[in-house]
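This report refers to the structure that appears directly beneath it.
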Amino acid sequence: MTSPLAPYRRITIKIGSALLVDGATGKLRSSWLADLAADIAALRAAGRDIVIVSSGAIALGRGLLGLSAIALTLEQSQAAASAGQIALSQAWAEALGRHAIVTGQILITPNITEERRYYLNARTTIATLLGLGAVPIINENDSVATAEIRYGDNDRLSARVATMIEADCLVLLSDIDGLYTAPPATHPGASHLPEVRAITPSVEAMAGGAASHLSRGGMTTKIEAGKIATQAGTAMIIAKGTQTHPLAALADGARHTLFHPAQSRAQARKRWIMGTLAVAGSVQVDAGAARALQTGKSLLPVGVTKVTGEFGRGDAIGVNNPDGTEIARGLASLHSQEARLVMGKHSDTVVELLGAGNRAALIHRDNLVLVGTKEDSHEPS
C-alpha cells in the first residue's frame with residue numbers, strides 16, 4: 001500500500017490542543033509527543049520539509065498558572081498563552097532535539113498573512129529555517145491577539161501557513177479520523193468519506209461544532225481550512241491523532257479523509273489574496289462582466305451593478321455574479337465611495353468623474369483570483 005503522504009514533499013502538520021495536553025490534568029502528553037517527534041524525524045529522513053502549526057499554549061499555560069475555569073476571560077487567555085508559549089516551545093525543542101532536529105518558533109498574528117510585506121517576511125523566515133534543516137513551530141500569538149483580530153482557531157491558521165509556504169499537503173491531526181456525512185457523535189449511522197473532490201455546500205453542511213473546551217475548532221473550521229488550502233493548490237488530510245505514532249499510522253493506511261487540491265497553483269500574489277483573513281466588502285456584477293472575468297479580464301466599473309460594504313484601496317473584496325454567488329476575489333483599486341460613484345459607467349466617464357490619474361479598473365486582473373479555478377504560476381516570489 002502506498003502511503004497517503006508519499007506524493008508530498010513539503011507538508012504542514014497541525015496539532016490540536018486536545019492532542020498535546022491532557023484535558024484532566026492540564027499536563028503535556030509527553031509520551032505522545034515523543035512518538036509524534038519520531039514520526040516527524042522519519043518523514044524528514046525521507047526528504048520531506050515539515051512545518052508544524054501547534055496549538056497548546058493556552059491549554060498548557062492555564063495549568064501552569066492554576067486557571068481552572070472552563071471559560072477564560074480574554075486577559076486570562078493572553079496570560080495563559082504567554083506562560084504556555086514558553087512551555088510549548090521547550091516541549092517541541094526537546095522532543096525533536098532527541099532526533100538532532102533544531103526547531104524555530106514563529107508566532108503569527110492575522111496581519112502577517114493579510115499584509116504583503118509581513119507575509120513575504122514570514123515566508124522567507126520559514127523557508128530559511130527549512131533550508132537550514134530546522135523544523136519551524138508556528139502558533140498564533142495569543143498573548144497579544146484580541147477577540148476581534150485573532151484567527152480564532154489553528155485550523156484556518158495552518159491553512160494560511162500551508163498556502164503561504166506553498167506546501168503540497170496540510171495534515172490536520174484531530175480526535176476524529178476524517179469527515180463523516182454527519183457528526184458521528186450524534187449520528188451513529190453517519191458514513192466516513194475517504195476523499196472529497198470539491199468542498200460544496202453539501203460538504204460544508206456535514207460539519208459540526210467544537211469538540212471540547214480545549215479546542216476552539218471543530219469540523220466546521222477544518223472544512224473552512226480545506227477551502228483555503230485546496231483553492232490555493234494544497235491538498236488537505238484529516239486524520240486521527242489520538243493514537244501513538246499518528247503520522248506513521250497514517251502512512252500505513254489508517255483511515256482518513258483526503259481533500260483534493262485544485263489542479264494547478266495560483267500565482268504567489270493571488271495565493272495571498274485568496275488566503276486573506278476577511279473581505280472588506282463585495283461587488284455584484286452583470287453576466288457580461290462575469291464572463292469577462294472568466295477569460296482573464298480586469299473588472300471594470302461598467303459591469304458592476306451593486307457595491308456592498310465599506311472598503312479602501314488595496315482592501316480585499318469579493319466579486320459576486322448576478323445570482324449572488326462569489327466567483328472571484330481581489331484587491332480594490334478604488335475605495336467603496338468611488339466604486340458606488342462609477343459603477344455601471346464606461347471608462348471615459350470614470351476618468352471624467354475621478355480624474356485621469358485613477359485606474360479605470362475596479363480590480364486589475366493581476367490583483368484578482370477566480371474562486372474555484374486556479375491558474376498556473378510563473379510569477380517570481
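Identifiers in the C-alpha cells: chain A, B, ... in order shown; residue index from 1 per chain; ligand index from 1 in order shown.
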Each residue of stretch 69-123 of chain A with at least one atom at most 10 Å from stretch 37-43 of chain A should appear once, together with its nearest atom pair and the corresponding distance in Å (one decimal); atoms considered: only C-alpha atoms; ordering: chain, then increasing residue number; output as a Markdown table.
```
| residue | atom | partner | partner_atom | distance |
| --- | --- | --- | --- | --- |
| A:Trp92 | CA | A:Ala37 | CA | 8.2 |
| A:Ala93 | CA | A:Ala37 | CA | 9.9 |
| A:Glu94 | CA | A:Ala37 | CA | 9.5 |
| A:Ala95 | CA | A:Ala37 | CA | 5.9 |
| A:Leu96 | CA | A:Ala37 | CA | 5.5 |
| A:Gly97 | CA | A:Ala37 | CA | 9.0 |
| A:Arg98 | CA | A:Ala37 | CA | 8.5 |
| A:His99 | CA | A:Ala41 | CA | 6.5 |
| A:Ala100 | CA | A:Ala41 | CA | 8.8 |
| A:Ile101 | CA | A:Ala41 | CA | 7.7 |
```
Residues as selected, N, CA, C and O atoms, written as a PDB file, in the first residue's frame, can you do that?
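Once everything was written out, this is result04.pdb:
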```pdb
ATOM      1  N   TRP A  92       8.564  21.148  22.278  1.00  0.00           N
ATOM      2  CA  TRP A  92       8.889  20.789  20.899  1.00  0.00           C
ATOM      3  C   TRP A  92      10.401  20.699  20.694  1.00  0.00           C
ATOM      4  O   TRP A  92      10.895  19.794  20.018  1.00  0.00           O
ATOM      5  N   ALA A  93      11.141  21.649  21.270  1.00  0.00           N
ATOM      6  CA  ALA A  93      12.597  21.639  21.108  1.00  0.00           C
ATOM      7  C   ALA A  93      13.202  20.369  21.699  1.00  0.00           C
ATOM      8  O   ALA A  93      14.103  19.760  21.107  1.00  0.00           O
ATOM      9  N   GLU A  94      12.689  19.958  22.845  1.00  0.00           N
ATOM     10  CA  GLU A  94      13.223  18.747  23.486  1.00  0.00           C
ATOM     11  C   GLU A  94      12.828  17.495  22.713  1.00  0.00           C
ATOM     12  O   GLU A  94      13.656  16.598  22.498  1.00  0.00           O
ATOM     13  N   ALA A  95      11.570  17.419  22.290  1.00  0.00           N
ATOM     14  CA  ALA A  95      11.091  16.216  21.610  1.00  0.00           C
ATOM     15  C   ALA A  95      11.827  16.001  20.286  1.00  0.00           C
ATOM     16  O   ALA A  95      12.257  14.890  19.969  1.00  0.00           O
ATOM     17  N   LEU A  96      11.972  17.066  19.492  1.00  0.00           N
ATOM     18  CA  LEU A  96      12.658  16.927  18.212  1.00  0.00           C
ATOM     19  C   LEU A  96      14.180  16.944  18.375  1.00  0.00           C
ATOM     20  O   LEU A  96      14.900  16.386  17.545  1.00  0.00           O
ATOM     21  N   GLY A  97      14.631  17.574  19.454  1.00  0.00           N
ATOM     22  CA  GLY A  97      16.064  17.592  19.722  1.00  0.00           C
ATOM     23  C   GLY A  97      16.632  16.205  19.949  1.00  0.00           C
ATOM     24  O   GLY A  97      17.816  15.953  19.672  1.00  0.00           O
ATOM     25  N   ARG A  98      15.813  15.293  20.434  1.00  0.00           N
ATOM     26  CA  ARG A  98      16.269  13.910  20.622  1.00  0.00           C
ATOM     27  C   ARG A  98      16.624  13.248  19.287  1.00  0.00           C
ATOM     28  O   ARG A  98      17.304  12.229  19.260  1.00  0.00           O
ATOM     29  N   HIS A  99      16.129  13.827  18.204  1.00  0.00           N
ATOM     30  CA  HIS A  99      16.432  13.302  16.866  1.00  0.00           C
ATOM     31  C   HIS A  99      17.387  14.236  16.124  1.00  0.00           C
ATOM     32  O   HIS A  99      17.476  14.177  14.888  1.00  0.00           O
ATOM     33  N   ALA A 100      18.071  15.083  16.884  1.00  0.00           N
ATOM     34  CA  ALA A 100      19.038  16.042  16.327  1.00  0.00           C
ATOM     35  C   ALA A 100      18.388  17.007  15.343  1.00  0.00           C
ATOM     36  O   ALA A 100      19.005  17.428  14.356  1.00  0.00           O
ATOM     37  N   ILE A 101      17.133  17.366  15.626  1.00  0.00           N
ATOM     38  CA  ILE A 101      16.412  18.328  14.804  1.00  0.00           C
ATOM     39  C   ILE A 101      16.271  19.632  15.574  1.00  0.00           C
ATOM     40  O   ILE A 101      15.788  19.647  16.710  1.00  0.00           O
TER      41      ILE A 101
END
```
Looking only at strand (DSSP E) from DSSP on the backbone, list the matching residues of stretch 202-347 of chain A as JSON, numbers by chain.
{"A": [235, 236, 237, 238, 239, 240, 256, 257, 258, 259, 281, 282, 283, 284, 285, 304, 305, 306, 307, 308, 309, 316, 317, 318, 319, 320, 326, 327, 328, 329, 330, 331]}
Pick from A:Ala235, A:Leu193, A:Leu250, A:Ala162: nearest to A:Leu36, with only C-alpha atoms counted?
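Looking at the shortest contact to A:Leu36, the residue is A:Leu250.
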Have a look at A:Val196, A:Val53, A:Ala83, A:Leu172 and name the one nearest to A:Ile106; count only C-alpha atoms.
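With only C-alpha atoms as the atom set, the closest residue is A:Val53.
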Counting only C-alpha atoms, which residue out of A:His364, A:Arg156, A:His335, A:Arg62 sits closest to A:Val21?
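Once distances to A:Val21 are computed over only C-alpha atoms, the minimum belongs to A:Arg62.
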Distance query A:Met343 at most 9 Å, only C-alpha atoms, self and fewer than 5 positions along chain excluded, as an MDAnalysis selection string
chainID A and resid 300:307 338 350 362
Write down as a PyMOL selection string the residues of stretch 32-247 of chain A whose backbone DSSP state falls under alpha helix (DSSP H).
chain A and resi 32-45+57-64+74-97+111-114+116-131+154-164+201-204+219-231+246-247
Minimum-distance residue to A:Leu19, chosen among A:Leu170, A:Ile70, A:Ala159, A:Ile176 (using only C-alpha atoms)
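Looking only at the distances to A:Leu19, the closest residue turns out to be A:Ile176.
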For A:Glu326, which of A:Ile363, A:Ala198, A:Val351, A:Val279 is the closest residue, counting only C-alpha atoms?
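Ranked by minimum distance to A:Glu326, first place goes to A:Val279.
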Taking into account only C-alpha atoms, which residue in the set A:Arg29, A:Arg365, A:His260, A:Lys240 is nearest to A:Glu195?
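Between A:Arg29, A:Arg365, A:His260, A:Lys240, the residue approaching A:Glu195 most closely is A:His260.
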Contacts of A:Val171 at 8 Å or less, counting only C-alpha atoms, minus same-chain residues fewer than 4 places along, as a list in words?
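My reading of the contact set: Ile11, Thr12, Ile13, Lys14, Met236, Ile237, Ile238 and Ala239 of chain A.
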To one decimal place in Å, what is the distance between atom CA of A:Ala232 and atom CA of A:Ala57?
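A separation of 28.3 Å between them.
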Pick out the residues sitting within 7 Å of A:Asn367, and hand them over as a list in words; count only C-alpha atoms, and ignore anything fewer than 4 positions along from it in its own chain.
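Listing them by chain and then by number gives Lys270, Gly330, Leu331 and Ile363 of chain A.
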Which residues are close to A:Ala182, i.e. within 7 Å by only C-alpha atoms, leaving aside same-chain residues fewer than 2 positions away? Reply as a list of chain:residue names.
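Contacts, with the query itself left out: A:Tyr180, A:Pro184, A:His187, A:Ala190, A:Met206, A:Ala207.
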Could those selected residues go to a file with C-alpha atoms, as an mmCIF file, in the first residue's frame?
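Dumped everything to part.cif:
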```cif
data_model
loop_
_atom_site.group_PDB
_atom_site.id
_atom_site.type_symbol
_atom_site.label_atom_id
_atom_site.label_comp_id
_atom_site.auth_asym_id
_atom_site.auth_seq_id
_atom_site.Cartn_x
_atom_site.Cartn_y
_atom_site.Cartn_z
ATOM 1 C CA TYR A 180 -18.396 11.943 8.006
ATOM 2 C CA PRO A 184 -20.733 10.690 14.250
ATOM 3 C CA HIS A 187 -25.382 10.455 14.264
ATOM 4 C CA ALA A 190 -23.030 8.536 9.620
ATOM 5 C CA MET A 206 -21.795 17.823 7.167
ATOM 6 C CA ALA A 207 -19.600 19.666 9.704
#
```
Report, in Å with one decimal, the straight-line distance from atom CA of A:Leu179 to atom CA of A:Thr230.
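That distance, rounded to one decimal, is 15.5 Å.
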